[in-house]
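Novice: One structure, as structure tokens, below. Some questions next.
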Amino acid sequence: MPHPPRRRIAVLGSTGSIGRQTLDVVRAYPDHFEVVALVARSSVDLLAEQAREFAPRLVGVTSDDPAVRAQFTEAIPEAQRSTLVGEDALTEAAIHPDVETVVAATSGLMGLRPTLAAIRAGKTIALANKETLVMAGHLAMAEARQAGVEMLPVDSEHSALWQCLRGEKTAEVRRLLITASGGPFRGKTLAQMRDVTVQQALAHPTWRMGPKITIDSATLMNKGLEVIEAHWLFDLPFDQIEVVVHPQSVIHSMVEFVDDSIKMQASLPDMRLPIQYALSYPERLDREGTALRHPLRWAEVARLDFEDVDMVNFPCLRLAYEAGRTGGSAPAALVSADEQAVALFMRGAIRMTDIPTILEETLARHNVIAEPSVDQVAETCAWAMAQAQQIAEELSPTRRGSHV
Ligand code: NDP
Ligand code: MG
């Protein structure tokens, strides 16, 4: 029987944690997927290695640093090389005529415009970059509906919810239960977390991810962003989206229906499964004989624990619910202030427990725009990053000197 044509993909952020795991999936199923475009910021060595292995038609870096550009020109053959920089390099890959599915896996705020351009160009979106929906879910989902484009979640919790919701009616959903491992500081009070180091915050108990999302997992901000992401993806109000702590990260989320039945999705904590599902949807690909085969053995898991989430000692989650309910530009202000605050923490300029203080103050100073345009979202992001920086300086005069 002839094989169906390979699905042609672009990977935005191919050198990151999600990007590299996306290429693991492609490597395991060479008959199913073909890489058309790869874009990163500045990791040229790895990008060049990926380009040699997958022979994409287009390779780009967003950095305008002359040293990076020179290295890029040297390492990537001219026929594959994108001449664009910044957002434009991502957009060029996202709307490339040969691309069917765009894996949006850059970290941070830059994925928004390229993802919107991909939606308008009719591409299927495999969405890892949750910031896009947090900043501008109202725009992205409206554009996707208009273009008849599917937004397929890569985030493990949302992939679980999506799998549980397949074949069900939204009207019959009572609530979504997003699971959280609780991160490295589960059970600790704010006072106990006052002096945690960057190293401790980066030591996630169950997941290996990029640095920003790992810090967000330690403060539970990641869970807050996921609540907002779920609100947009599944079109449910915040009152129907809850968080439950589950330290083993084996149940990736659950859906409770009106008849009290609960569906949950289980697998070992490995992002390559939600990535694979988003790429192969609506099919499931057999892992037998592939390097990805990694079955869950219940006897090894042994037990599954659940507990209520602690919103008092993890105020970032509360702030995300508040910003989500406020809507408009508030979530964009929150996620941008967090981007800045996390960078300051990683540089040693503030304490981890200063992060929620900075976010709360940024939100308090923000004049919310009800239905922000893309430009207004971008302006809000720039404003919130500057505010977060300023608030950090106001709150840590004793530590400011060498750092902030
Ligand atoms: P990483 O920091 O590991 O990787 C980020 C990737 O994006 C790198 O390829 C990086 O390139 C690239 N990148 C960053 N900024 C830019 C830019 N301005 N222009 C072009 N490329 C850029 O992040 P993760 O893979 O961990 O996360 C990516 C996204 O997926 C985030 O939104 C995160 O929240 C989400 N996510 C991640 C999960 C995970 O397990 N890691 C789980 C669920 C969601 P370079 O290497 O050159 O810097
Ligand atoms: Mg997640």
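Residues in the structure tokens are numbered from 1 in each chain, the chains being A, B, ... in the order shown, and ligands are numbered from 1 in the order shown.
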Can you pull out every residue from region 139-270 of chain A that DSSP, working from the backbone, puts in strand (DSSP E), and format the result as a list of chain:residue names?

Specialist: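 Written out, the strand (DSSP E) residues of region 139-270 of chain A are A:Met151, A:Leu152, A:Pro153, A:Val173, A:Arg174, A:Arg175, A:Leu176, A:Leu177, A:Ile178, A:Thr179, A:Ala180, A:Ile241, A:Glu242, A:Val243, A:Val244, A:Val245, A:Ile251, A:His252, A:Ser253, A:Met254, A:Val255, A:Glu256, A:Phe257, A:Ile262, A:Lys263, A:Met264, A:Gln265, A:Ala266.
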
Novice: Dump the neighbourhood of ligand 2 as a PyMOL selection string: all residues within 10 Å, distances computed on only C-alpha atoms and all ligand atoms.

Specialist: chain A and resi 128+130+153-160+178-181+207+209+213+217+222-223+225-227+229+252-253+271

Novice: Among region 171-374 of chain A, which ones does DSSP place in alpha helix (DSSP H), written as a VMD selection string?

Specialist: chain A and resid 198 to 202 211 to 219 221 to 234 272 to 280 298 to 301 315 to 326 330 to 346 354 to 365 374

Novice: Between A:Ala370, A:Pro295, A:Gly187, A:Ser280, which has the minimum distance to Asp308 (chain A) (counting only C-alpha atoms)?

Specialist: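 The answer is A:Gly187, which sits nearest to Asp308 (chain A).
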
Novice: Kindly work out which residues sit at most 6 Å from ligand 1, using only C-alpha atoms and all ligand atoms, and give the list as a list in words.

Specialist: Gly13, Ser14, Thr15, Gly16, Ser17, Ile18, Gly19, Ala40, Arg41, Ser42, Ser43, Thr62, Ala105, Thr106, Ser107, Gly108, Met110, Ala128, Asn129, Lys130, Glu131, Asp155, Met209, Gly210, Pro211, Ile213 and Met271 of chain A

Novice: Between CA of Glu360 (chain A) and CA of Gln200 (chain A), what is the distance in Å, rounded to a tenth?

Specialist: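 About the pair CA of Glu360 (chain A) and CA of Gln200 (chain A): they are 23.7 Å apart.
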
Novice: Would you mind listing what lies within 7 Å of region 275-278 of chain A as an NGL selection string, with only C-alpha atoms counted and same-chain residues fewer than 3 positions away left out?

Specialist: :A and (22 or 25 or 126 or 152-154 or 271-272 or 281 or 284)

Novice: Can you spit out the residues from that selection as a PDB file, in the first residue's frame, using C-alpha atoms?

Specialist:
ATOM      1  CA  THR A  22      10.322  17.443  18.171  1.00  0.00           C
ATOM      2  CA  VAL A  25       9.964  12.389  17.029  1.00  0.00           C
ATOM      3  CA  ALA A 126       1.343  22.589  17.171  1.00  0.00           C
ATOM      4  CA  LEU A 152      -3.097  21.600  18.643  1.00  0.00           C
ATOM      5  CA  PRO A 153      -1.616  21.746  22.138  1.00  0.00           C
ATOM      6  CA  VAL A 154       1.893  20.466  22.819  1.00  0.00           C
ATOM      7  CA  MET A 271       7.264  15.659  26.259  1.00  0.00           C
ATOM      8  CA  ARG A 272       7.894  13.549  23.191  1.00  0.00           C
ATOM      9  CA  TYR A 281      -3.211  13.869  15.019  1.00  0.00           C
ATOM     10  CA  ARG A 284      -1.763   7.701  16.736  1.00  0.00           C
TER      11      ARG A 284
END

Novice: Pick the closest to Gln265 (chain A) from A:Arg166, A:Ala364, A:Gln340, A:Val149: which is it, counting only C-alpha atoms?

Specialist: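 For Gln265 (chain A), the nearest of the given residues is A:Arg166.
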
Novice: So which residues touch Val250 (chain A) within 6 Å, counting only C-alpha atoms, skipping near sequence neighbours fewer than 3 positions away, as a list of chain:residue names?

Specialist: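 Counting only C-alpha atoms, the residues come to A:Ala266, A:Ser267, A:Leu268.
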
Novice: Using C-alpha atoms, can you write the selected residues to a file as a compact mmCIF listing (two decimals), in the first residue's frame?

Specialist:
# COMPACT_ATOMS: atom_id res chain seq x y z
CA ALA A 266 -1.56 8.85 31.92
CA SER A 267 1.95 8.35 30.56
CA LEU A 268 5.50 8.74 31.80

Novice: Pick from A:Arg208, A:Phe234, A:Asp216, A:Glu242: nearest to Leu176 (chain A), with only C-alpha atoms counted?

Specialist: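 Of A:Arg208, A:Phe234, A:Asp216, A:Glu242, the one nearest Leu176 (chain A), counting only C-alpha atoms, is A:Glu242.
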
Novice: For each of A:Ala55, A:Met193, A:Leu112, A:Val173, take the minimum atom-to-atom distance to Asn313 (chain A), counting only C-alpha atoms, then give the residue where this is smallest.

Specialist: A:Met193

Novice: I'd like the interatomic distance between CA of Val335 (chain A) and CA of Arg20 (chain A), to a tenth of an Å.

Specialist: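 We find that CA of Val335 (chain A) and CA of Arg20 (chain A) lie 24.3 Å from each other.
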
Novice: Skipping near chain neighbours, those fewer than 5 positions away, what residues fall within 12 Å of Arg303 (chain A) using only C-alpha atoms, listed as a short mmCIF file (atom, residue, chain, number, x, y, z; two decimals) with N, CA and C atoms, in the first residue's frame?

Specialist:
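As written to disk, out21.cif reads:
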data_model
loop_
_atom_site.label_atom_id
_atom_site.label_comp_id
_atom_site.auth_asym_id
_atom_site.auth_seq_id
_atom_site.Cartn_x
_atom_site.Cartn_y
_atom_site.Cartn_z
N HIS A 246 -0.12 16.86 41.85
CA HIS A 246 0.08 15.41 41.66
C HIS A 246 1.59 15.23 41.43
N PRO A 247 2.32 14.93 42.51
CA PRO A 247 3.80 14.99 42.46
C PRO A 247 4.45 14.05 41.45
N GLN A 248 3.83 12.92 41.10
CA GLN A 248 4.50 11.97 40.22
C GLN A 248 4.47 12.37 38.74
N SER A 249 3.65 13.33 38.37
CA SER A 249 3.52 13.75 36.95
C SER A 249 3.28 12.56 36.02
N VAL A 250 2.37 11.70 36.39
CA VAL A 250 2.00 10.56 35.53
C VAL A 250 0.61 10.80 34.94
N ILE A 251 -0.28 11.36 35.76
CA ILE A 251 -1.58 11.81 35.25
C ILE A 251 -1.36 13.25 34.78
N ARG A 297 4.94 1.37 33.41
CA ARG A 297 4.69 0.12 34.16
C ARG A 297 4.13 0.52 35.51
N TRP A 298 2.88 0.11 35.76
CA TRP A 298 2.21 0.57 36.98
C TRP A 298 2.95 0.12 38.23
#

Novice: Excluding Leu363 (chain A) and its own-chain neighbours fewer than 3 positions away, which residues fall within 7 Å of it when counting only C-alpha atoms? Please give them as an mmCIF file with all heavy atoms, in the first residue's frame.

Specialist:
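Result saved to out32.cif:
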data_model
loop_
_atom_site.group_PDB
_atom_site.id
_atom_site.type_symbol
_atom_site.label_atom_id
_atom_site.label_comp_id
_atom_site.auth_asym_id
_atom_site.auth_seq_id
_atom_site.Cartn_x
_atom_site.Cartn_y
_atom_site.Cartn_z
ATOM 1 N N ALA A 330 -4.334 42.349 30.619
ATOM 2 C CA ALA A 330 -3.751 41.976 31.924
ATOM 3 C C ALA A 330 -2.839 40.737 31.837
ATOM 4 O O ALA A 330 -1.725 40.762 32.378
ATOM 5 C CB ALA A 330 -4.857 41.776 32.958
ATOM 6 N N ALA A 333 0.485 41.670 30.411
ATOM 7 C CA ALA A 333 1.306 42.396 31.389
ATOM 8 C C ALA A 333 1.921 41.403 32.373
ATOM 9 O O ALA A 333 3.103 41.486 32.713
ATOM 10 C CB ALA A 333 0.453 43.431 32.122
ATOM 11 N N LEU A 334 1.129 40.435 32.798
ATOM 12 C CA LEU A 334 1.616 39.450 33.771
ATOM 13 C C LEU A 334 2.769 38.622 33.204
ATOM 14 O O LEU A 334 3.826 38.481 33.819
ATOM 15 C CB LEU A 334 0.459 38.521 34.162
ATOM 16 C CG LEU A 334 0.844 37.394 35.117
ATOM 17 C CD1 LEU A 334 0.919 37.913 36.549
ATOM 18 C CD2 LEU A 334 -0.158 36.240 35.033
ATOM 19 N N LEU A 359 5.183 40.999 40.196
ATOM 20 C CA LEU A 359 4.039 40.785 39.295
ATOM 21 C C LEU A 359 2.789 41.485 39.823
ATOM 22 O O LEU A 359 2.053 42.131 39.063
ATOM 23 C CB LEU A 359 3.752 39.289 39.135
ATOM 24 C CG LEU A 359 4.903 38.409 38.647
ATOM 25 C CD1 LEU A 359 4.400 37.013 38.323
ATOM 26 C CD2 LEU A 359 5.569 39.019 37.431
ATOM 27 N N GLU A 360 2.567 41.365 41.121
ATOM 28 C CA GLU A 360 1.365 41.964 41.714
ATOM 29 C C GLU A 360 1.399 43.481 41.533
ATOM 30 O O GLU A 360 0.402 44.098 41.169
ATOM 31 C CB GLU A 360 1.273 41.589 43.202
ATOM 32 C CG GLU A 360 -0.004 42.087 43.854
ATOM 33 C CD GLU A 360 -0.614 41.084 44.821
ATOM 34 O OE1 GLU A 360 0.156 40.393 45.531
ATOM 35 O OE2 GLU A 360 -1.855 40.994 44.869
ATOM 36 N N HIS A 366 -1.096 48.626 36.068
ATOM 37 C CA HIS A 366 -1.446 48.480 34.649
ATOM 38 C C HIS A 366 -2.854 49.003 34.356
ATOM 39 O O HIS A 366 -3.811 48.634 35.027
ATOM 40 C CB HIS A 366 -1.350 47.002 34.246
ATOM 41 C CG HIS A 366 -1.686 46.741 32.815
ATOM 42 N ND1 HIS A 366 -1.122 47.449 31.772
ATOM 43 C CD2 HIS A 366 -2.549 45.871 32.237
ATOM 44 C CE1 HIS A 366 -1.614 47.016 30.636
ATOM 45 N NE2 HIS A 366 -2.486 46.067 30.880
#

Novice: Which polymer residues have any atom within 9 Å of an atom of Asp45 (chain A), counting only C-alpha atoms, with same-chain residues fewer than 5 positions away left out, as a PyMOL selection string?

Specialist: chain A and resi 50+71-72+75
